[in-house]
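What follows is a single structure, written as structure tokens, with notes after it.
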Amino acid sequence: MSKVLIIGAGGVSTVTVKKCARLPEHFDEIYLASRTLSKCEALQKECGEDRVKAVFAVDADDKDQVAALINQIKPDLLVNLALPYQDLPIMDACLETKTDYLDTANYEPKDEAKFEYSWQWAYQDKFKDAGIMALLGSGFDPGVTNVYTAYAAKHYFDEIHYLDIVDCNGGDHGQAFATNFNPEINIREITQRGRFWENGEWKETDPLSVREDLHYQNIGERASYLMFHEELESLVKHFPTLKRARFWMTFGEAYLNHLRVLEGIGMTSIEPVEFQGQQIVPLEFLKAVLPNPGSLAEGYTGMTCIGTYITGIKDGKEKTIFIYNNCDHAVCNEEVGAQAVSYTTGVPAMIGAALMLNGTWKKPGVWNMEQFDPDPFMDMLNQHGLPWHVMECDASPFSK
Ligand SMILES: NC(=O)c1ccc[n+]([C@@H]2O[C@H](COP(=O)([O-])OP(=O)(O)OC[C@H]3O[C@@H](n4cnc5c(N)ncnc54)[C@H](OP(=O)(O)O)[C@@H]3O)[C@@H](O)[C@H]2O)c1
């Protein structure tokens, strides 16, 4: 008997809930709670009340509300698909009620655009002592990219030295400017200074100032920009042989032009401003006028290609491999009514949850994805819509 409580009813949650609903062998009972009850009710209607047993309104910024809900439902696992701001109150509620926890993005304070694992890693001893587990970052990146790295280290190399994670959305949603997941979180992430790991230290770059034109399987060449991404922090800690670790994301010229203008006029700021007698945060207002990422699915064409280039040593020789997935927006829409960015996050959240519930990935404490055996996760990716490929490369494709 496995009971899961999912918090959040946005783009990613829609995919996870629908996938879980189709897998009664892993998820006996599904409960759904979020800030806006009507979104939970709509999802419940789509999945059926026999699968999503009950829905609730909850403010997950409030630890006591989450703990009360957990005490009412008594789930085996809480899956946090709300926003990074809610990670700590939800982890506190899990601690209080001795409930396992999973999320897809690391904690970020609302008043500072800064994300890092220190806040959540600080729960390690408390979770261990309570005999409960937290799985951090079970999305695609972070998530699958961490598992790809662990899989490469296990099966392809004696030692890994260079890691480059690449994230390309080669799709077209037909909008002038839209983000593919929560606009506030997304814009906070991409407007930060770039950061990468080299020879034992973090190096910084101006935002989106380092570019490589890379070829992506089934998409073609795309301008790719160096950014900081959260999985770099855990991967360099857990694979200390890494000499360099970087993350790249593709952006088109039109997207970057919109972003530059929005930044230039202050619309991406998180500093509150006075507006008609009240304080508003420009980025929160911008989110309200941008398309809801969940609404982009209809008519979205093209695909994503997200993967990990790894260079290391095997039997004394240097080699490079690329592990990647292509995900087609239209195919995702047909399957679950979502675009590929929600799908590539929502499916790994379901897989992480299934592996925790069936005891395959289970140990008390707070863990990143690469700290478990990658093989069962990689098998489930193939079975549940995110097949992967391994390509042996003649040389690394990066010029720098
Ligand atoms: N690892 C990865 O690969 C990856 C990729 C993309 C996204 N993500 C992460 O996935 C998460 C979900 O992203 P998304 O695109 O699905 O965002 P979204 O569409 O904005 O959905 C977020 C959901 O959380 C709910 N929520 C927000 N604040 C809440 C609160 N205080 N209490 C209860 N519920 C609350 C929202 O409620 P309302 O409906 O009322 O707004 C919404 O239903 C984010 O943390 C994002 O960073 C991870």
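The way I read the labels, and the way they are meant: chains A, B, ... in the order of the structure tokens, residue 1 as the first residue of every chain, and ligand 1 as the first ligand shown, with later ones counted on from there.
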Please build the interface table for chain A against ligand 1 with a cut-off of 8 Å, listing for each qualifying residue the nearest atom pair and the distance in Å to one decimal; count only C-alpha atoms and all ligand atoms, order rows by chain and increasing number, and write it as CSV.
residue,atom,partner,partner_atom_place_in_ligand_line,distance
A:Ile7,CA,ligand 1,34 (N),6.3
A:Gly8,CA,ligand 1,24 (O),3.8
A:Ala9,CA,ligand 1,43 (O),3.5
A:Gly10,CA,ligand 1,21 (O),3.3
A:Gly11,CA,ligand 1,16 (O),3.7
A:Val12,CA,ligand 1,16 (O),3.7
A:Ser13,CA,ligand 1,16 (O),5.7
A:Thr14,CA,ligand 1,16 (O),7.6
A:Ala33,CA,ligand 1,33 (C),7.2
A:Ser34,CA,ligand 1,34 (N),4.0
A:Arg35,CA,ligand 1,33 (C),3.9
A:Thr36,CA,ligand 1,40 (O),4.2
A:Leu37,CA,ligand 1,40 (O),7.9
A:Lys39,CA,ligand 1,39 (O),6.4
A:Ala57,CA,ligand 1,33 (C),7.5
A:Val58,CA,ligand 1,33 (C),5.3
A:Asp59,CA,ligand 1,32 (N),3.7
A:Ala60,CA,ligand 1,32 (N),3.6
A:Asp61,CA,ligand 1,31 (N),4.6
A:Asp62,CA,ligand 1,31 (N),7.5
A:Asn80,CA,ligand 1,11 (C),7.9
A:Leu81,CA,ligand 1,11 (C),4.9
A:Ala82,CA,ligand 1,24 (O),3.3
A:Leu83,CA,ligand 1,45 (O),3.7
A:Pro84,CA,ligand 1,45 (O),4.6
A:Tyr85,CA,ligand 1,28 (N),7.7
A:Gln86,CA,ligand 1,31 (N),6.3
A:Asp103,CA,ligand 1,45 (O),7.6
A:Thr104,CA,ligand 1,1 (N),4.5
A:Ala105,CA,ligand 1,45 (O),5.0
A:Asn106,CA,ligand 1,45 (O),7.6
A:Gly137,CA,ligand 1,1 (N),5.6
A:Ser138,CA,ligand 1,1 (N),6.2
A:Gly139,CA,ligand 1,1 (N),3.6
A:Phe140,CA,ligand 1,3 (O),3.8
A:Asp141,CA,ligand 1,3 (O),3.9
A:Pro142,CA,ligand 1,1 (N),4.4
A:Gly143,CA,ligand 1,1 (N),5.8
A:Val144,CA,ligand 1,3 (O),7.9
A:Asn180,CA,ligand 1,15 (O),7.0
A:Phe181,CA,ligand 1,15 (O),3.6
A:Asn182,CA,ligand 1,15 (O),4.1
A:Pro183,CA,ligand 1,20 (O),7.5
A:Ile185,CA,ligand 1,47 (O),6.0
A:Asn186,CA,ligand 1,47 (O),7.3
A:Asn292,CA,ligand 1,19 (O),7.2
A:Pro293,CA,ligand 1,19 (O),6.5
A:Gly294,CA,ligand 1,19 (O),6.4
A:Val341,CA,ligand 1,6 (C),6.5
A:Ser342,CA,ligand 1,6 (C),6.3
A:Thr344,CA,ligand 1,3 (O),6.9
A:Thr345,CA,ligand 1,3 (O),4.7
Taking N, CA and C atoms for each residue, export the selection above as a compact mmCIF listing (two decimals), in the first residue's frame.
# COMPACT_ATOMS: atom_id res chain seq x y z
N ILE A 7 2.32 18.17 -3.69
CA ILE A 7 1.99 19.59 -3.46
C ILE A 7 2.38 20.40 -4.68
N GLY A 8 1.45 21.25 -5.15
CA GLY A 8 1.66 22.03 -6.38
C GLY A 8 0.78 21.45 -7.47
N ALA A 9 0.18 22.34 -8.27
CA ALA A 9 -0.70 21.85 -9.34
C ALA A 9 -0.43 22.64 -10.62
N GLY A 10 0.87 22.92 -10.88
CA GLY A 10 1.25 23.68 -12.07
C GLY A 10 1.67 22.76 -13.20
N GLY A 11 2.54 23.29 -14.09
CA GLY A 11 2.95 22.55 -15.29
C GLY A 11 3.59 21.21 -14.98
N VAL A 12 4.56 21.20 -14.07
CA VAL A 12 5.29 19.96 -13.77
C VAL A 12 4.37 18.98 -13.05
N SER A 13 3.64 19.47 -12.07
CA SER A 13 2.76 18.60 -11.29
C SER A 13 1.72 17.91 -12.18
N THR A 14 1.21 18.64 -13.16
CA THR A 14 0.21 18.06 -14.06
C THR A 14 0.74 16.76 -14.68
N ALA A 33 -2.51 18.62 -3.30
CA ALA A 33 -2.82 19.88 -2.60
C ALA A 33 -2.02 21.00 -3.25
N SER A 34 -2.62 22.19 -3.29
CA SER A 34 -1.90 23.34 -3.83
C SER A 34 -2.56 24.62 -3.32
N ARG A 35 -1.98 25.75 -3.71
CA ARG A 35 -2.51 27.03 -3.26
C ARG A 35 -3.92 27.27 -3.82
N THR A 36 -4.10 26.92 -5.11
CA THR A 36 -5.39 27.17 -5.76
C THR A 36 -6.14 25.85 -5.91
N LEU A 37 -7.20 25.71 -5.12
CA LEU A 37 -7.93 24.43 -5.09
C LEU A 37 -8.49 24.05 -6.46
N LYS A 39 -7.35 24.34 -9.38
CA LYS A 39 -6.40 23.65 -10.27
C LYS A 39 -6.28 22.17 -9.87
N ALA A 57 -6.71 22.60 -0.47
CA ALA A 57 -6.01 23.88 -0.59
C ALA A 57 -5.01 23.95 0.55
N VAL A 58 -3.78 24.37 0.23
CA VAL A 58 -2.78 24.52 1.29
C VAL A 58 -1.85 25.67 0.94
N ASP A 59 -1.43 26.41 1.96
CA ASP A 59 -0.36 27.38 1.76
C ASP A 59 0.92 26.74 2.26
N ALA A 60 1.75 26.30 1.31
CA ALA A 60 2.94 25.53 1.70
C ALA A 60 4.07 26.40 2.24
N ASP A 61 3.86 27.72 2.29
CA ASP A 61 4.83 28.56 3.01
C ASP A 61 4.64 28.39 4.52
N ASP A 62 3.52 27.79 4.89
CA ASP A 62 3.17 27.65 6.30
C ASP A 62 3.40 26.19 6.73
N ASN A 80 7.16 17.40 -3.51
CA ASN A 80 7.03 18.85 -3.54
C ASN A 80 7.23 19.38 -4.96
N LEU A 81 6.12 19.74 -5.61
CA LEU A 81 6.19 20.31 -6.96
C LEU A 81 5.65 21.74 -6.96
N ALA A 82 5.73 22.39 -5.79
CA ALA A 82 5.42 23.82 -5.71
C ALA A 82 6.69 24.56 -6.12
N LEU A 83 7.01 25.66 -5.51
CA LEU A 83 8.17 26.44 -5.95
C LEU A 83 9.33 26.28 -4.96
N PRO A 84 10.56 26.62 -5.37
CA PRO A 84 11.71 26.43 -4.49
C PRO A 84 11.56 27.16 -3.14
N TYR A 85 10.77 28.26 -3.11
CA TYR A 85 10.59 28.99 -1.85
C TYR A 85 9.96 28.11 -0.77
N GLN A 86 9.20 27.11 -1.19
CA GLN A 86 8.47 26.28 -0.21
C GLN A 86 9.28 25.08 0.29
N ASP A 103 11.86 16.57 -4.03
CA ASP A 103 11.57 17.81 -4.79
C ASP A 103 12.32 17.80 -6.12
N THR A 104 12.17 18.89 -6.88
CA THR A 104 12.84 18.97 -8.19
C THR A 104 13.74 20.20 -8.31
N ALA A 105 13.77 21.05 -7.28
CA ALA A 105 14.58 22.28 -7.38
C ALA A 105 15.02 22.69 -5.98
N ASN A 106 16.25 23.19 -5.85
CA ASN A 106 16.73 23.49 -4.50
C ASN A 106 16.22 24.82 -3.97
N GLY A 137 16.08 17.26 -6.02
CA GLY A 137 16.32 17.52 -7.44
C GLY A 137 15.97 16.39 -8.38
N SER A 138 14.79 15.76 -8.21
CA SER A 138 14.40 14.66 -9.08
C SER A 138 13.59 15.16 -10.28
N GLY A 139 14.22 16.08 -11.05
CA GLY A 139 13.61 16.54 -12.30
C GLY A 139 14.52 16.10 -13.44
N PHE A 140 14.67 16.93 -14.51
CA PHE A 140 15.62 16.55 -15.55
C PHE A 140 16.98 17.17 -15.28
N ASP A 141 16.99 18.52 -15.14
CA ASP A 141 18.26 19.15 -14.80
C ASP A 141 18.02 20.21 -13.74
N PRO A 142 18.22 19.89 -12.45
CA PRO A 142 18.85 18.69 -11.91
C PRO A 142 17.93 17.47 -11.99
N GLY A 143 18.55 16.32 -11.85
CA GLY A 143 17.81 15.07 -11.79
C GLY A 143 18.44 14.07 -12.74
N VAL A 144 17.85 13.99 -13.94
CA VAL A 144 18.35 13.02 -14.92
C VAL A 144 19.82 13.30 -15.24
N ASN A 180 9.35 28.41 -20.25
CA ASN A 180 8.77 27.06 -20.32
C ASN A 180 8.46 26.47 -18.96
N PHE A 181 8.98 27.09 -17.90
CA PHE A 181 8.48 26.75 -16.57
C PHE A 181 8.31 28.06 -15.81
N ASN A 182 7.88 27.96 -14.56
CA ASN A 182 7.51 29.16 -13.80
C ASN A 182 8.36 30.37 -14.16
N PRO A 183 7.78 31.43 -14.75
CA PRO A 183 8.56 32.57 -15.27
C PRO A 183 9.42 33.25 -14.22
N ILE A 185 10.80 31.96 -11.42
CA ILE A 185 11.96 31.13 -11.07
C ILE A 185 12.94 31.10 -12.25
N ASN A 186 12.40 30.96 -13.46
CA ASN A 186 13.21 30.85 -14.66
C ASN A 186 14.04 32.12 -14.90
N ASN A 292 1.09 31.52 -19.27
CA ASN A 292 1.28 30.43 -18.31
C ASN A 292 2.00 29.29 -19.04
N PRO A 293 3.14 28.82 -18.55
CA PRO A 293 3.89 27.77 -19.27
C PRO A 293 3.03 26.55 -19.61
N GLY A 294 2.08 26.25 -18.72
CA GLY A 294 1.20 25.11 -18.95
C GLY A 294 0.33 25.30 -20.19
N VAL A 341 9.02 20.60 -21.63
CA VAL A 341 9.81 21.02 -20.46
C VAL A 341 9.11 20.56 -19.17
N SER A 342 7.78 20.67 -19.14
CA SER A 342 7.04 20.12 -17.99
C SER A 342 7.19 18.60 -17.95
N THR A 344 9.62 16.62 -19.21
CA THR A 344 10.95 16.10 -18.85
C THR A 344 11.24 16.31 -17.36
N THR A 345 10.50 17.17 -16.68
CA THR A 345 10.65 17.32 -15.23
C THR A 345 9.67 16.42 -14.48
Worksheet item: Could you write out, as a list in words, all the residues of range 112-195 of chain A that DSSP marks as strand (DSSP E or B)?
Response: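 Of range 112-195 of chain A, the ones in strand (DSSP E or B) are Met133, Ala134, Leu135, Leu136, Gly139, Gly143, Glu159, Ile160, His161, Tyr162, Leu163, Asp164, Ile165, Val166, Asp167, Cys168, Asn169, Asp172, Gly194 and Arg195 of chain A.
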Discussion item. I'd like to know which of A:Tyr309, A:Phe251, A:Phe398, A:Phe27 is closest to Asp172 in chain A, using only C-alpha atoms.
Written reply: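 When distances to Asp172 in chain A are compared using only C-alpha atoms, the smallest one comes from A:Phe251.
Here the question is which of A:Ile270, A:Ala152, A:Val336, A:Ala130 gets nearest to Cys47 in chain A using only C-alpha atoms, and that residue is A:Val336.
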Item to complete: Would you list the contacts of range 383-393 of chain A as JSON, numbers by chain, taking every protein, DNA or RNA residue within 6 Å and counting only C-alpha atoms, but skipping same-chain residues closer than 3 positions in sequence?
Response: {"A": [320, 321, 322, 323, 324, 325, 380]}
Worksheet entry | All helix (DSSP H, G or I) residues (DSSP, backbone) inside range 129-371 of chain A, as JSON, numbers by chain | {"A": [129, 130, 144, 145, 146, 147, 148, 149, 150, 151, 152, 153, 154, 155, 183, 184, 185, 186, 187, 188, 189, 190, 231, 232, 233, 234, 235, 236, 237, 238, 253, 254, 255, 256, 257, 258, 259, 260, 261, 262, 263, 264, 282, 283, 284, 285, 286, 287, 288, 289, 293, 294, 295, 296, 329, 330, 331, 332, 333, 334, 335, 336, 340, 341, 342, 343, 344, 345, 346, 347, 348, 349, 350, 351, 352, 353, 354, 355, 356, 357, 369, 370, 371]}
Worksheet item: Hey, can you check how far CA of Glu96 in chain A sits from CA of Glu230 in chain A?
Response: 26.9 Å
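Of note, CA of His215 in chain A and CA of Phe228 in chain A are spaced 20.7 Å apart.
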Practice prompt. Please provide as a list in words all residues within 12 Å of Leu242 in chain A, with the sequence filter that same-chain residues fewer than 5 positions apart are discarded (counting only C-alpha atoms).
Written response: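 Listing them by chain and then by number gives Thr149, Ala153, Glu159, Ile160, His161, Tyr162, Leu163, Asp164, Phe196, Trp197, Glu198, Asn199, Gly200, Glu201, Leu232, Glu233, Ser234, Leu235, Val236, Lys237, Ile310, Thr311, Gly312 and Ile313 of chain A.
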For the selection just defined, write its residues with C-alpha atoms to a file, as a CSV table (one decimal), in the first residue's frame.
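Listed below is the output, result00.csv:
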chain,number,residue,atom,x,y,z
A,149,THR,CA,26.7,11.4,-14.7
A,153,ALA,CA,31.0,7.1,-14.0
A,159,GLU,CA,37.7,8.4,-13.5
A,160,ILE,CA,35.7,11.3,-14.9
A,161,HIS,CA,37.5,14.7,-15.5
A,162,TYR,CA,35.3,17.1,-17.6
A,163,LEU,CA,31.5,17.5,-17.4
A,164,ASP,CA,29.4,19.7,-19.7
A,196,PHE,CA,31.5,27.0,-13.4
A,197,TRP,CA,33.9,24.7,-11.5
A,198,GLU,CA,37.6,24.6,-12.6
A,199,ASN,CA,40.6,23.1,-10.8
A,200,GLY,CA,39.0,23.1,-7.4
A,201,GLU,CA,37.3,26.5,-7.4
A,232,LEU,CA,26.9,21.5,-10.7
A,233,GLU,CA,27.2,22.1,-6.9
A,234,SER,CA,26.3,18.5,-5.9
A,235,LEU,CA,28.1,16.8,-8.8
A,236,VAL,CA,31.5,18.4,-8.0
A,237,LYS,CA,31.1,17.4,-4.4
A,310,ILE,CA,31.7,13.5,-20.0
A,311,THR,CA,35.4,13.2,-20.7
A,312,GLY,CA,37.5,10.9,-18.6
A,313,ILE,CA,39.9,8.0,-18.5
